[in-house]
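The structure file input_35.txt is reproduced below (compact mmCIF, C-alpha atoms).
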```txt
# COMPACT_ATOMS: atom_id res chain seq x y z
CA MET C 217 -40.76 -1.50 88.99
CA LYS C 218 -41.12 1.70 91.00
CA SER C 219 -38.58 4.46 90.54
CA LEU C 220 -36.10 4.87 93.35
CA PHE C 221 -37.28 8.47 93.86
CA ILE C 222 -40.84 7.33 94.55
CA VAL C 223 -39.59 4.60 96.86
CA LEU C 224 -37.50 7.10 98.81
CA LEU C 225 -40.56 9.30 99.29
CA GLN C 226 -42.61 6.33 100.47
CA LEU C 227 -39.84 5.21 102.80
CA GLN C 228 -39.63 8.72 104.21
CA SER C 229 -43.36 8.69 104.88
CA LEU C 230 -43.13 5.33 106.63
CA MET C 231 -40.25 6.54 108.78
CA VAL C 232 -42.17 9.68 109.78
CA LEU C 233 -45.12 7.54 110.85
CA PHE C 234 -42.81 5.20 112.69
CA ALA C 235 -41.07 8.02 114.51
CA CYS C 236 -44.25 9.84 115.50
CA ALA C 237 -46.34 6.93 116.67
CA PRO C 238 -46.19 5.82 120.31
CA ASN C 239 -44.10 2.71 121.05
CA GLY C 240 -42.76 2.70 117.48
CA SER C 241 -46.03 1.55 115.89
CA MET C 242 -47.66 3.12 112.86
CA ILE C 243 -50.28 5.70 113.80
CA ASP C 244 -53.39 4.66 111.93
CA ARG C 245 -52.77 1.52 109.94
CA SER C 246 -51.31 -0.62 112.68
CA ASN C 247 -54.21 0.13 115.02
CA VAL C 248 -56.72 -0.93 112.39
CA MET C 249 -54.69 -4.03 111.53
CA THR C 250 -54.36 -4.98 115.19
CA ASP C 251 -58.12 -5.03 115.54
CA THR C 252 -58.46 -7.04 112.35
CA VAL C 253 -55.91 -9.58 113.50
CA GLU C 254 -57.46 -10.03 116.94
CA LYS C 255 -60.96 -10.48 115.49
CA SER C 256 -59.64 -12.98 112.96
CA VAL C 257 -57.96 -15.05 115.63
CA ALA C 258 -61.15 -15.12 117.68
CA HIS C 259 -62.70 -17.20 114.92
CA GLN C 260 -59.59 -19.15 113.87
CA GLN C 261 -57.18 -19.71 116.71
CA SER C 262 -53.61 -20.64 115.79
CA PRO C 263 -52.56 -23.88 117.49
CA LEU C 264 -49.10 -22.48 118.16
CA PRO C 265 -48.24 -20.26 121.14
CA MET C 266 -46.74 -16.86 120.41
CA PRO C 267 -43.05 -17.79 120.92
CA MET C 268 -43.38 -20.60 118.37
CA ARG C 269 -45.20 -18.43 115.83
CA LEU C 270 -42.55 -15.76 116.22
CA ALA C 271 -39.76 -18.33 115.80
CA PHE C 272 -41.45 -19.56 112.62
CA MET C 273 -41.68 -16.00 111.31
CA SER C 274 -38.05 -15.38 112.25
CA GLY C 275 -37.00 -18.35 110.14
CA HIS C 276 -38.49 -16.75 107.04
CA VAL C 277 -36.82 -13.43 107.81
CA SER C 278 -33.46 -15.10 108.39
CA ALA C 279 -33.71 -16.96 105.08
CA GLY C 280 -34.59 -13.70 103.34
CA ILE C 281 -31.66 -11.78 104.80
CA THR C 282 -29.24 -14.58 103.88
CA LEU C 283 -30.58 -14.66 100.33
CA TYR C 284 -30.19 -10.91 99.93
CA HIS C 285 -26.56 -11.12 101.02
CA ALA C 286 -26.13 -13.89 98.44
CA GLY C 287 -27.34 -11.53 95.72
CA GLU C 288 -30.80 -13.10 95.28
CA THR C 289 -33.05 -10.07 95.77
CA GLU C 290 -36.20 -11.61 94.30
CA MET C 291 -35.91 -14.76 96.41
CA ALA C 292 -35.16 -12.66 99.47
CA SER C 293 -38.24 -10.54 98.94
CA SER C 294 -40.71 -13.41 99.17
CA HIS C 295 -39.32 -14.47 102.55
CA LEU C 296 -38.98 -10.97 103.99
CA LEU C 297 -42.61 -10.23 103.12
CA HIS C 298 -43.81 -13.16 105.24
CA PRO C 299 -44.33 -11.10 108.44
CA VAL C 300 -46.73 -8.67 106.72
CA SER C 301 -48.38 -11.08 104.28
CA GLU C 302 -52.15 -11.25 104.63
CA THR C 303 -51.84 -14.98 103.91
CA HIS C 304 -50.13 -15.34 107.28
CA VAL C 305 -52.21 -12.81 109.20
CA ASP C 306 -53.04 -15.23 112.06
CA GLU C 307 -49.34 -15.64 112.83
CA ARG C 308 -49.26 -11.99 113.91
CA ALA C 309 -51.95 -12.44 116.55
CA GLY C 310 -50.74 -10.84 119.77
CA LEU C 311 -47.44 -9.66 118.28
CA TYR C 312 -48.57 -6.04 118.17
CA GLY C 313 -48.80 -6.16 121.94
CA ILE C 314 -45.08 -6.91 122.22
CA GLY C 315 -43.98 -4.26 119.72
CA PHE C 316 -44.47 -5.70 116.22
CA THR C 317 -44.28 -2.89 113.64
CA HIS C 318 -45.51 -3.17 110.06
CA ALA C 319 -43.50 -0.19 108.83
CA ILE C 320 -40.16 -1.93 109.21
CA PHE C 321 -41.09 -4.77 106.87
CA GLU C 322 -42.92 -2.48 104.46
CA SER C 323 -39.77 -0.38 104.14
CA VAL C 324 -37.71 -3.43 103.20
CA SER C 325 -40.40 -4.49 100.73
CA LEU C 326 -40.40 -1.12 98.99
CA ALA C 327 -36.61 -1.05 98.76
CA LEU C 328 -36.36 -4.55 97.30
CA GLU C 329 -39.20 -3.89 94.86
CA ALA C 330 -37.33 -0.91 93.49
CA ASP C 331 -34.02 -2.78 93.40
CA ALA C 332 -32.62 -0.07 95.67
CA PRO C 333 -28.84 0.13 96.22
CA LYS C 334 -27.21 -1.75 99.08
CA THR C 335 -26.47 1.53 100.84
CA LEU C 336 -30.23 1.89 101.35
CA VAL C 337 -31.18 -1.75 101.85
CA MET C 338 -28.47 -2.84 104.31
CA PRO C 339 -29.55 -0.48 107.14
CA LEU C 340 -33.14 -1.62 106.63
CA LEU C 341 -32.12 -5.27 106.90
CA ALA C 342 -30.11 -4.53 110.05
CA ARG C 343 -33.14 -2.81 111.54
CA THR C 344 -35.33 -5.76 110.58
CA LYS C 345 -32.99 -8.17 112.35
CA GLU C 346 -32.86 -5.97 115.44
CA HIS C 347 -36.66 -5.78 115.45
CA MET C 348 -36.99 -9.57 115.33
CA GLU C 349 -34.48 -9.89 118.18
CA MET C 350 -36.49 -7.43 120.26
CA LEU C 351 -39.71 -9.35 119.59
CA THR C 352 -38.01 -12.62 120.48
CA LYS C 353 -36.89 -11.21 123.80
CA ASN C 354 -40.35 -9.80 124.55
CA ALA C 355 -42.16 -13.01 123.55
CA GLY C 356 -40.20 -15.17 125.98
CA GLY C 357 -40.91 -18.89 125.97
CA ASP C 358 -38.84 -21.94 126.83
CA PRO C 359 -35.69 -21.92 124.63
CA ILE C 360 -35.39 -25.71 124.46
CA SER C 361 -39.02 -26.09 123.40
CA ILE C 362 -38.52 -23.44 120.72
CA ILE C 363 -35.34 -25.14 119.45
CA ARG C 364 -37.15 -28.49 119.30
CA PHE C 365 -40.02 -26.91 117.38
CA LEU C 366 -37.70 -25.23 114.88
CA LEU C 367 -35.61 -28.33 114.23
CA GLU C 368 -38.66 -30.57 113.83
CA THR C 369 -40.24 -28.01 111.50
CA SER C 370 -37.01 -27.79 109.52
CA VAL C 371 -37.11 -31.55 108.90
CA GLU C 372 -40.74 -31.35 107.79
CA GLU C 373 -40.08 -28.47 105.39
CA TYR C 374 -36.87 -29.97 104.04
CA SER C 375 -38.69 -33.24 103.36
CA ILE C 376 -41.10 -31.31 101.17
CA GLY C 377 -38.33 -29.34 99.49
CA VAL C 378 -36.17 -32.37 98.72
CA GLN C 379 -37.65 -35.63 97.46
CA ASP C 380 -36.07 -38.54 95.61
CA GLY C 381 -32.74 -36.73 95.49
CA LYS C 382 -34.21 -33.69 93.73
CA LEU C 383 -35.02 -30.15 94.77
CA THR C 384 -38.83 -30.19 94.53
CA ASP C 385 -39.80 -27.02 96.43
CA LEU C 386 -37.21 -24.26 96.67
CA GLY C 387 -39.26 -22.13 99.08
CA GLU C 388 -39.59 -24.94 101.65
CA TYR C 389 -35.91 -25.82 101.22
CA GLN C 390 -35.02 -22.22 102.04
CA ASP C 391 -37.47 -22.02 104.95
CA ALA C 392 -35.89 -25.12 106.48
CA PHE C 393 -32.49 -23.41 106.32
CA GLY C 394 -33.88 -20.33 108.07
CA PHE C 395 -35.36 -22.43 110.87
CA VAL C 396 -31.99 -24.05 111.57
CA VAL C 397 -30.31 -20.63 111.67
CA VAL C 398 -32.86 -19.33 114.17
CA ALA C 399 -32.61 -22.51 116.26
CA ALA C 400 -28.85 -21.92 116.51
CA GLU C 401 -29.49 -18.33 117.60
CA HIS C 402 -31.76 -19.56 120.40
CA ALA C 403 -29.12 -22.11 121.42
CA SER C 404 -26.48 -19.39 121.57
CA ARG C 405 -28.56 -17.52 124.16
CA LEU C 406 -28.64 -20.43 126.61
CA PRO C 407 -26.48 -20.19 129.74
CA GLU C 408 -23.14 -21.94 129.30
CA THR C 409 -24.14 -24.68 131.73
CA SER C 410 -27.27 -25.41 129.70
CA ASN C 411 -25.73 -24.91 126.28
CA ASN C 412 -23.53 -28.02 126.51
CA GLN C 413 -22.30 -27.62 122.91
CA LEU C 414 -25.87 -27.41 121.64
CA PHE C 415 -25.05 -24.29 119.64
CA GLU C 416 -22.22 -26.04 117.78
CA LYS C 417 -24.35 -29.09 117.04
CA VAL C 418 -27.28 -27.07 115.72
CA SER C 419 -25.01 -24.76 113.73
CA SER C 420 -23.35 -27.78 112.08
CA LEU C 421 -26.71 -28.65 110.49
CA ARG C 422 -26.19 -25.78 108.05
CA GLN C 423 -23.72 -27.99 106.21
CA ILE C 424 -26.70 -30.01 104.98
CA TRP C 425 -27.46 -27.11 102.63
CA LEU C 426 -24.53 -27.26 100.24
CA ARG C 427 -24.89 -23.62 99.17
CA GLY C 428 -26.91 -22.25 102.05
CA PRO C 429 -30.45 -21.40 100.90
CA LEU C 430 -29.35 -21.19 97.25
CA PRO C 431 -30.62 -23.91 94.89
CA VAL C 432 -28.41 -26.89 94.05
CA VAL C 433 -28.65 -29.62 91.41
CA THR C 434 -28.12 -32.50 93.83
CA PRO C 435 -29.27 -31.59 97.36
CA THR C 436 -28.43 -33.60 100.45
CA PRO C 437 -31.04 -36.33 101.00
CA SER C 438 -33.72 -35.40 103.51
CA ASP C 439 -32.98 -38.52 105.59
CA GLU C 440 -29.58 -37.09 106.46
CA LEU C 441 -31.10 -33.98 108.05
CA ALA C 442 -33.76 -36.08 109.82
CA LEU C 443 -31.13 -38.36 111.38
CA ALA C 444 -28.91 -35.44 112.42
CA VAL C 445 -31.82 -33.62 114.05
CA LYS C 446 -32.98 -36.81 115.78
CA ALA C 447 -29.52 -37.23 117.29
CA ILE C 448 -29.54 -33.66 118.62
CA LEU C 449 -33.06 -33.85 120.03
CA SER C 450 -32.27 -37.11 121.82
CA GLN C 451 -29.69 -35.23 123.89
CA ILE C 452 -31.72 -32.21 125.00
```
Serialized structure, structure tokens:
Amino acid sequence: MKSLFIVLLQLQSLMVLFACAPNGSMIDRSNVMTDTVEKSVAHQQSPLPMPMRLAFMSGHVSAGITLYHAGETEMASSHLLHPVSETHVDERAGLYGIGFTHAIFESVSLALEADAPKTLVMPLLARTKEHMEMLTKNAGGDPISIIRFLLETSVEEYSIGVQDGKLTDLGEYQDAFGFVVVAAEHASRLPETSNNQLFEKVSSLRQIWLRGPLPVVTPTPSDELALAVKAILSQI
């Protein structure tokens, strides 16, 4: 574990880079990584359009933030690292063009790694959430299509995380929760005439997770989420 002093120095360096670079991007590293991402995608195109990839990424971030507030720093870290993980590099294709910034997620990573105090972590998490909201606005896309994608993906992930009445994959179980949270956020942005109680219906799905993204001994059967989502999707 890194000392908090070292982490503070690294965070300060990241913030200097962030402040000095045009459009809030890191000066050197982000430019290099942008090229790498674009070249990678040229050979392995993601089947998902940008708004969907961003919604997927947002689900991981949302799960991570919720887990941190629940006191699960280690669990939170794995989800909050998703946007800058090299495993998921293709998901970032094109996001640099709408303002995606590595430094924000790297700062959170450093703070969590050092088990930094909440007084340091909370502003970083707030900034992370604001950054994702900005990207969501810039990415655009059809809200209903995004909500459908998130809810369908939540069912798929939950079905992996919960099988035969047991919690079989905690990460997928938590991802599914994050996707429902983000779907509700998209529903909340719809005009009142289009919302038609969609926000309330999607938000109510969170009750499926008996302790939010935290593990439970006896999780709700996956069929229950599938049926609830099917009922919502049949009405939009």
* To do: Write out as a VMD selection string which residues come within 10 Å of Glu290 of chain C when counting all atoms listed in the file, dropping same-chain ones fewer than 4 positions away.
  => chain C and resid 280 283 to 284 294 to 295 328 to 329 331
* Can you tell me, as a ChimeraX atom specification, what residues are no more than 9 Å from Leu430 of chain C when counting all atoms listed in the file, ignoring any on the same chain fewer than 6 positions away? -> /C:283,286,288,386,389-390
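Between Gly377 of chain C and the residues C:Ser438, C:Gln413, C:Thr317, C:Ser361, the shortest atom-to-atom distance, using all atoms listed in the file, involves C:Ser438.
Atom CA of Pro299 of chain C lies 6.3 Å from atom CA of Met273 of chain C.
Take the candidates C:Asn354, C:Thr344, C:Ser293, C:Ser278 and check each one against Gly310 of chain C using only C-alpha atoms; the shortest distance goes to C:Asn354.
Distances here use only C-alpha atoms; by that measure, the residue among C:Ile363, C:Ala392, C:Leu341, C:Met350 closest to Ala279 of chain C is C:Ala392.
Among the candidate residues C:Leu270, C:Asp439, C:Glu408, C:Phe393, the one lying nearest to Arg427 of chain C is C:Phe393, with distances computed using all atoms listed in the file.
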* To do: Tell me, as a list in words, which residues lie within 7 Å of segment 364-376 of chain C, counting all atoms listed in the file; anything in the same chain fewer than 5 positions away does not count.
  => Asp385, Glu388, Tyr389, Asp391, Ala392, Phe395, Val396, Ala399, Ser438, Leu441, Ala442, Val445 and Leu449 of chain C
Expected file: the selected residues, C-alpha atoms, as a PDB file, in the coordinates of the input:
```
ATOM      1  CA  ASP C 385     -39.800 -27.020  96.430  1.00  0.00           C
ATOM      2  CA  GLU C 388     -39.590 -24.940 101.650  1.00  0.00           C
ATOM      3  CA  TYR C 389     -35.910 -25.820 101.220  1.00  0.00           C
ATOM      4  CA  ASP C 391     -37.470 -22.020 104.950  1.00  0.00           C
ATOM      5  CA  ALA C 392     -35.890 -25.120 106.480  1.00  0.00           C
ATOM      6  CA  PHE C 395     -35.360 -22.430 110.870  1.00  0.00           C
ATOM      7  CA  VAL C 396     -31.990 -24.050 111.570  1.00  0.00           C
ATOM      8  CA  ALA C 399     -32.610 -22.510 116.260  1.00  0.00           C
ATOM      9  CA  SER C 438     -33.720 -35.400 103.510  1.00  0.00           C
ATOM     10  CA  LEU C 441     -31.100 -33.980 108.050  1.00  0.00           C
ATOM     11  CA  ALA C 442     -33.760 -36.080 109.820  1.00  0.00           C
ATOM     12  CA  VAL C 445     -31.820 -33.620 114.050  1.00  0.00           C
ATOM     13  CA  LEU C 449     -33.060 -33.850 120.030  1.00  0.00           C
TER      14      LEU C 449
END
```
* What does the distance between atom CA of Lys345 of chain C and atom CA of Phe316 of chain C come to in Å, to one decimal place? -> 12.4 Å
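Interatomic distance, atom CA of Ala292 of chain C against atom CA of Ser274 of chain C: 13.4 Å.
Distance annotation: of C:Leu340, C:Glu401, C:Gly357, C:Pro267, the residue with the minimal separation from Ala319 of chain C is C:Leu340; atom set is only C-alpha atoms.
Residues in contact with Ala444 of chain C at 10 Å, where all atoms listed in the file are counted and same-chain residues fewer than 6 positions away are skipped, are listed as C:Leu367, C:Val371, C:Lys417, C:Val418, C:Ser420, C:Leu421, C:Ile424.
Comparing C:His276, C:His285, C:Lys382, C:His304 by their smallest distance to Met348 of chain C, the closest is C:His276 (using all atoms listed in the file).
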